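**Student:** target-v9.cif is reproduced in full below (mmCIF, C-alpha atoms).
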```
data_structure
#
loop_
_atom_site.group_PDB
_atom_site.id
_atom_site.type_symbol
_atom_site.label_atom_id
_atom_site.label_comp_id
_atom_site.auth_asym_id
_atom_site.auth_seq_id
_atom_site.Cartn_x
_atom_site.Cartn_y
_atom_site.Cartn_z
ATOM 1 C CA MET A 1 3.257 4.407 -8.761
ATOM 2 C CA ALA A 2 6.828 3.072 -9.127
ATOM 3 C CA SER A 3 6.233 0.537 -6.341
ATOM 4 C CA LYS A 4 3.746 -1.205 -8.672
ATOM 5 C CA LYS A 5 6.317 -1.182 -11.459
ATOM 6 C CA ILE A 6 3.861 0.354 -13.908
ATOM 7 C CA LEU A 7 3.958 3.865 -15.328
ATOM 8 C CA THR A 8 0.961 6.177 -15.219
ATOM 9 C CA GLU A 9 -0.869 6.834 -18.473
ATOM 10 C CA LYS A 10 0.807 10.242 -18.754
ATOM 11 C CA GLU A 11 4.276 8.808 -18.015
ATOM 12 C CA THR A 12 3.678 6.071 -20.597
ATOM 13 C CA LYS A 13 2.773 8.531 -23.326
ATOM 14 C CA GLU A 14 5.689 10.858 -22.535
ATOM 15 C CA PHE A 15 8.176 7.995 -22.364
ATOM 16 C CA LEU A 16 6.956 6.418 -25.604
ATOM 17 C CA ASP A 17 7.537 9.815 -27.256
ATOM 18 C CA VAL A 18 11.117 9.868 -25.913
ATOM 19 C CA LEU A 19 11.779 6.334 -27.179
ATOM 20 C CA GLN A 20 10.276 7.092 -30.592
ATOM 21 C CA GLU A 21 12.351 10.259 -30.982
ATOM 22 C CA ARG A 22 15.550 8.351 -30.112
ATOM 23 C CA PHE A 23 14.525 5.522 -32.447
ATOM 24 C CA GLU A 24 14.057 7.943 -35.341
ATOM 25 C CA LYS A 25 17.346 9.783 -34.651
ATOM 26 C CA ASN A 26 19.395 6.568 -34.644
ATOM 27 C CA LYS A 27 18.186 4.541 -37.638
ATOM 28 C CA ASN A 28 21.646 2.968 -38.020
ATOM 29 C CA ARG A 29 20.944 0.899 -34.885
ATOM 30 C CA HIS A 30 17.789 -0.710 -36.237
ATOM 31 C CA GLN A 31 17.409 -0.623 -39.999
ATOM 32 C CA ASN A 32 14.193 -2.095 -41.422
ATOM 33 C CA ILE A 33 12.389 -2.103 -38.067
ATOM 34 C CA ASP A 34 8.987 -0.449 -37.791
ATOM 35 C CA TRP A 35 8.431 1.770 -34.728
ATOM 36 C CA ASN A 36 4.686 1.033 -34.691
ATOM 37 C CA LYS A 37 5.355 -2.684 -34.061
ATOM 38 C CA ILE A 38 7.655 -1.799 -31.178
ATOM 39 C CA GLN A 39 5.163 0.604 -29.650
ATOM 40 C CA GLU A 40 2.395 -1.988 -29.937
ATOM 41 C CA LYS A 41 4.509 -4.503 -27.999
ATOM 42 C CA LEU A 42 5.501 -1.933 -25.384
ATOM 43 C CA VAL A 43 1.895 -0.959 -24.687
ATOM 44 C CA LYS A 44 1.089 -4.656 -24.134
ATOM 45 C CA SER A 45 4.125 -5.127 -21.839
ATOM 46 C CA LEU A 46 3.719 -2.446 -19.185
ATOM 47 C CA GLY A 47 6.112 -4.153 -16.741
ATOM 48 C CA LYS A 48 8.849 -4.160 -19.373
ATOM 49 C CA LEU A 49 8.053 -0.563 -20.259
ATOM 50 C CA TRP A 50 8.627 0.241 -16.576
ATOM 51 C CA SER A 51 12.030 -1.504 -16.790
ATOM 52 C CA LEU A 52 12.933 0.535 -19.877
ATOM 53 C CA HIS A 53 11.929 3.653 -17.956
ATOM 54 C CA GLN A 54 14.326 2.616 -15.174
ATOM 55 C CA MET A 55 17.067 2.327 -17.782
ATOM 56 C CA GLU A 56 16.174 5.814 -19.017
ATOM 57 C CA SER A 57 15.903 7.468 -15.605
ATOM 58 C CA SER A 58 19.347 6.159 -14.599
ATOM 59 C CA GLY A 59 20.929 7.631 -17.741
ATOM 60 C CA GLY A 60 20.992 4.612 -20.054
ATOM 61 C CA GLU A 61 19.162 6.037 -23.077
ATOM 62 C CA PRO A 62 17.714 2.655 -24.149
ATOM 63 C CA ASP A 63 17.196 2.011 -27.845
ATOM 64 C CA VAL A 64 16.289 -0.938 -30.072
ATOM 65 C CA VAL A 65 19.358 -2.715 -31.433
ATOM 66 C CA LYS A 66 17.948 -6.049 -32.660
ATOM 67 C CA TYR A 67 14.795 -7.724 -33.890
ATOM 68 C CA ASP A 68 14.396 -11.508 -33.821
ATOM 69 C CA LYS A 69 11.833 -12.211 -36.523
ATOM 70 C CA GLU A 70 11.302 -15.870 -35.532
ATOM 71 C CA LYS A 71 10.515 -14.999 -31.914
ATOM 72 C CA ASP A 72 9.014 -11.583 -32.720
ATOM 73 C CA GLU A 73 11.221 -9.988 -30.042
ATOM 74 C CA PHE A 74 12.911 -6.615 -29.882
ATOM 75 C CA THR A 75 16.124 -6.116 -27.897
ATOM 76 C CA PHE A 76 16.885 -2.787 -26.233
ATOM 77 C CA PHE A 77 20.412 -1.880 -25.060
ATOM 78 C CA ASP A 78 21.603 1.084 -23.014
ATOM 79 C CA CYS A 79 22.963 3.354 -25.754
ATOM 80 C CA SER A 80 24.211 6.340 -23.753
ATOM 81 C CA LYS A 81 27.618 7.551 -24.963
ATOM 82 C CA GLU A 82 29.134 6.890 -21.537
ATOM 83 C CA SER A 83 28.249 4.301 -18.923
ATOM 84 C CA PRO A 84 24.896 5.360 -17.379
ATOM 85 C CA ALA A 85 25.603 8.030 -14.766
ATOM 86 C CA GLY A 86 22.946 6.781 -12.354
ATOM 87 C CA ARG A 87 24.548 3.330 -12.231
ATOM 88 C CA ARG A 88 28.184 4.111 -11.485
ATOM 89 C CA SER A 89 30.318 3.507 -8.401
ATOM 90 C CA PHE A 90 28.829 0.051 -7.804
ATOM 91 C CA CYS A 91 30.815 -3.115 -7.192
ATOM 92 C CA TYR A 92 29.963 -6.221 -9.219
ATOM 93 C CA ASP A 93 27.545 -8.300 -7.101
ATOM 94 C CA ARG A 94 26.019 -8.739 -3.644
ATOM 95 C CA ASN A 95 28.764 -11.146 -2.485
ATOM 96 C CA ALA A 96 31.396 -8.545 -3.379
ATOM 97 C CA LEU A 97 29.431 -5.806 -1.612
ATOM 98 C CA ASP A 98 28.953 -7.918 1.511
ATOM 99 C CA SER A 99 32.664 -8.817 1.611
ATOM 100 C CA ARG A 100 33.755 -5.172 1.846
ATOM 101 C CA LYS A 101 34.561 -4.247 5.437
ATOM 102 C CA GLN A 102 34.653 -0.485 4.856
ATOM 103 C CA ASN A 103 33.914 2.157 2.208
ATOM 104 C CA LYS A 104 31.045 0.143 0.779
ATOM 105 C CA PRO A 105 29.443 1.425 -2.421
ATOM 106 C CA ALA A 106 25.726 2.239 -2.449
ATOM 107 C CA ASN A 107 24.823 -0.896 -4.431
ATOM 108 C CA ASP A 108 26.105 -3.607 -6.737
ATOM 109 C CA VAL A 109 25.418 -4.011 -10.449
ATOM 110 C CA SER A 110 23.785 -7.440 -10.214
ATOM 111 C CA SER A 111 21.259 -6.278 -7.621
ATOM 112 C CA ALA A 112 20.611 -2.984 -9.423
ATOM 113 C CA ALA A 113 19.961 -4.783 -12.725
ATOM 114 C CA SER A 114 17.627 -7.242 -11.024
ATOM 115 C CA GLU A 115 15.710 -4.435 -9.300
ATOM 116 C CA MET A 116 15.303 -2.717 -12.673
ATOM 117 C CA GLY A 117 14.161 -5.926 -14.388
ATOM 118 C CA ILE A 118 17.045 -5.960 -16.885
ATOM 119 C CA GLU A 119 20.129 -8.075 -17.611
ATOM 120 C CA ILE A 120 23.775 -6.964 -17.731
ATOM 121 C CA LEU A 121 25.406 -6.993 -21.174
ATOM 122 C CA ASN A 122 27.837 -9.846 -21.708
ATOM 123 C CA GLU A 123 31.111 -9.475 -23.599
ATOM 124 C CA GLU A 124 29.659 -10.445 -26.976
ATOM 125 C CA GLN A 125 26.773 -7.992 -26.567
ATOM 126 C CA TYR A 126 29.152 -5.230 -25.493
ATOM 127 C CA TYR A 127 31.297 -5.742 -28.586
ATOM 128 C CA PHE A 128 28.146 -5.737 -30.736
ATOM 129 C CA LEU A 129 27.077 -2.414 -29.174
ATOM 130 C CA GLN A 130 30.428 -0.960 -30.193
ATOM 131 C CA THR A 131 29.639 -1.761 -33.856
ATOM 132 C CA LEU A 132 26.717 0.679 -33.601
ATOM 133 C CA GLY A 133 28.793 3.640 -32.424
ATOM 134 C CA GLU A 134 31.575 4.641 -30.072
ATOM 135 C CA PHE A 135 30.657 4.111 -26.425
ATOM 136 C CA ASP A 136 32.541 4.388 -23.130
ATOM 137 C CA LEU A 137 35.318 6.646 -24.404
ATOM 138 C CA LYS A 138 35.769 8.134 -20.902
ATOM 139 C CA THR A 139 34.029 5.546 -18.713
ATOM 140 C CA SER A 140 33.898 1.767 -18.465
ATOM 141 C CA SER A 141 31.107 -0.745 -17.952
ATOM 142 C CA TRP A 142 30.959 -3.949 -15.934
ATOM 143 C CA ILE A 143 29.872 -6.911 -18.078
ATOM 144 C CA LYS A 144 28.383 -10.291 -17.214
ATOM 145 C CA THR A 145 31.277 -12.284 -15.803
ATOM 146 C CA PRO A 146 31.720 -16.038 -16.352
ATOM 147 C CA GLU A 147 31.217 -18.025 -13.148
ATOM 148 C CA ASN A 148 34.754 -19.487 -13.186
ATOM 149 C CA ILE A 149 36.237 -15.962 -13.001
ATOM 150 C CA ARG A 150 33.704 -14.778 -10.449
ATOM 151 C CA LYS A 151 34.413 -17.782 -8.148
ATOM 152 C CA LEU A 152 38.018 -16.608 -7.956
ATOM 153 C CA GLY A 153 36.982 -13.096 -6.894
ATOM 154 C CA GLY A 154 37.236 -11.369 -10.254
ATOM 155 C CA ALA A 155 34.842 -9.566 -12.554
ATOM 156 C CA LEU A 156 35.096 -8.219 -16.099
ATOM 157 C CA PHE A 157 34.546 -4.773 -17.559
ATOM 158 C CA CYS A 158 34.987 -3.158 -20.965
ATOM 159 C CA ASP A 159 35.636 0.233 -22.495
ATOM 160 C CA ARG A 160 36.770 1.805 -25.752
ATOM 161 C CA ARG A 161 40.145 3.516 -26.011
ATOM 162 C CA TYR A 162 42.469 4.192 -28.958
ATOM 163 C CA ASP A 163 39.664 3.209 -31.358
ATOM 164 C CA THR A 164 39.720 -0.298 -29.864
ATOM 165 C CA VAL A 165 37.363 -2.124 -27.498
ATOM 166 C CA PHE A 166 39.096 -3.703 -24.514
ATOM 167 C CA THR A 167 38.030 -6.276 -21.937
ATOM 168 C CA TYR A 168 39.706 -6.091 -18.520
ATOM 169 C CA HIS A 169 39.416 -7.648 -15.091
ATOM 170 C CA ASN A 170 39.214 -6.286 -11.570
ATOM 171 C CA GLY A 171 38.346 -7.547 -8.139
ATOM 172 C CA ALA A 172 34.557 -7.862 -8.001
ATOM 173 C CA ASP A 173 34.499 -5.748 -4.832
ATOM 174 C CA SER A 174 36.147 -2.746 -6.532
ATOM 175 C CA TYR A 175 34.174 0.259 -7.686
ATOM 176 C CA TYR A 176 35.010 3.466 -9.478
ATOM 177 C CA ALA A 177 33.239 6.741 -10.200
ATOM 178 C CA ALA A 178 33.724 6.209 -13.943
ATOM 179 C CA ARG A 179 32.500 2.583 -14.053
ATOM 180 C CA GLY A 180 28.863 1.616 -14.301
ATOM 181 C CA PHE A 181 27.023 -1.047 -16.230
ATOM 182 C CA ARG A 182 24.978 -1.352 -19.377
ATOM 183 C CA GLY A 183 21.876 -3.481 -19.550
ATOM 184 C CA PHE A 184 19.520 -5.002 -22.051
ATOM 185 C CA LEU A 185 15.873 -5.935 -22.177
ATOM 186 C CA VAL A 186 14.049 -8.209 -24.623
ATOM 187 C CA ILE A 187 10.418 -7.426 -25.408
#
```
In structure tokens, what does this structure look like?
**Tutor:**
Amino acid sequence: MASKKILTEKETKEFLDVLQERFEKNKNRHQNIDWNKIQEKLVKSLGKLWSLHQMESSGGEPDVVKYDKEKDEFTFFDCSKESPAGRRSFCYDRNALDSRKQNKPANDVSSAASEMGIEILNEEQYYFLQTLGEFDLKTSSWIKTPENIRKLGGALFCDRRYDTVFTYHNGADSYYAARGFRGFLVI
């Protein structure tokens, strides 16, 4: 069923239960937002529900972090305490992966995000996430890198250490067991 990018009826029900339970446990992330409105949108957006399921199955623990009233859109972020385990040890993008002569990682974050139907958090979004809790205390997460930095071979990542959120740089072709990426999805 995954090849069609739609969950079965049973998977949909089970996954909606998981999302609702997380939603109710973490009210600080989404005050004054009604779960029923979210569920209604999710049931009408089965392709996006599939993408959220991909976030979940790779360890991201997606949750609602914003509601845009004017556009009637909900934004989900990966809210796992550490960078999603199923998305670590990837270099930044396909160009970086292709440039490696040896010891290539299994994938790159840009391709993985695209395959999942999500976007990579940018620096502003990452810092916003950190206002909702403490994330990446032991890991780090690649973030959307400005084109001028990427053209020069670099890529950005963030983490939280010493009660402070840091932004760093690395070669885009590097990869580490403790670095993954966090994504978002707007529904």
**Student:** Please evaluate the PyMOL selection byres ((chain A and resi 54) around 12) against the structure above and give the resulting residues as a PyMOL selection string.
**Tutor:** chain A and resi 2+5-7+15+47-53+55-62+78+84+86-87+112-118+183-185
**Student:** Distance atom CA of A:Glu147-atom CA of A:Asp108, one decimal place?
**Tutor:** 16.6 Å
**Student:** Which value, in Å to one decimal, gives the distance between atom CA of A:Phe76 and atom CA of A:Asp163?
**Tutor:**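 Distance between the two atoms: 24.1 Å.
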**Student:** Can you give me, as a list of chain:residue names, the residues this file yields under the PyMOL selection byres ((chain A and resi 94-104) around 12)?
**Tutor:**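 Evaluating the PyMOL selection byres ((chain A and resi 94-104) around 12) on this file yields A:Ser89, A:Phe90, A:Cys91, A:Tyr92, A:Asp93, A:Pro105, A:Ala106, A:Asn107, A:Asp108, A:Val109, A:Ser110, A:Ser111, A:Ala112, A:Ala113, A:Ser114, A:Arg150, A:Lys151, A:Leu152, A:Gly153, A:Gly154, A:Ala155, A:Asn170, A:Gly171, A:Ala172, A:Asp173, A:Ser174, A:Tyr175, A:Tyr176.
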**Student:** Could you pull the residues within 12 Å of stretch 17-31 of chain A, counting all atoms listed in the file, minus those fewer than 4 positions along the same chain, as a PyMOL selection string?
**Tutor:** chain A and resi 10-13+35-39+42+49+52-53+55-57+60-68+74-80+128-133
**Student:** Quick one: residues within 12 Å of A:Asp159, only C-alpha atoms counted, chain neighbours fewer than 6 positions away excluded, as a list in words?
**Tutor:**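 My list of contacting residues is Lys81, Glu82, Ser83, Glu123, Tyr126, Tyr127, Leu129, Gln130, Glu134, Phe135, Asp136, Leu137, Lys138, Thr139, Ser140, Ser141, Trp142, Ile143, Val165, Phe166, Thr167, Tyr168, His169, Ala178, Arg179, Gly180, Phe181 and Arg182 of chain A.
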**Student:** Could you please determine the separation between atom CA of A:Asp34 and atom CA of A:Val186 in Å, to one decimal place?
**Tutor:**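 Those two atoms sit 16.1 Å apart.
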**Student:** For A:Leu121, which residue out of A:Ile187, A:Phe157, A:Arg88, A:Lys4 is the nearest one, using all atoms listed in the file?
**Tutor:**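 Residue with the minimum atom-to-atom distance to A:Leu121: A:Phe157.
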**Student:** Rank A:Ala85, A:Lys69, A:Leu156, A:Leu46 by their smallest atom-to-atom distance to A:Ala177, using all atoms listed in the file, and report the top residue only.
**Tutor:** A:Ala85
**Student:** Emit as lines of an AutoDock Vina configuration file the padded axis-aligned box for all listed atoms of stretch 93-108 of chain A, 8 Å per side, with centre and edge lengths in Å to one decimal.
**Tutor:**
```
center_x = 29.7
center_y = -4.5
center_z = -0.8
size_x = 25.8
size_y = 29.4
size_z = 28.5
```
**Student:** Check the smallest atom-to-atom distance from each of A:Ile120, A:Ile149, A:Val43, A:Cys158 to A:Leu16 using only C-alpha atoms, then report the winner.
**Tutor:**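 Closest residue, counting only C-alpha atoms: A:Val43.
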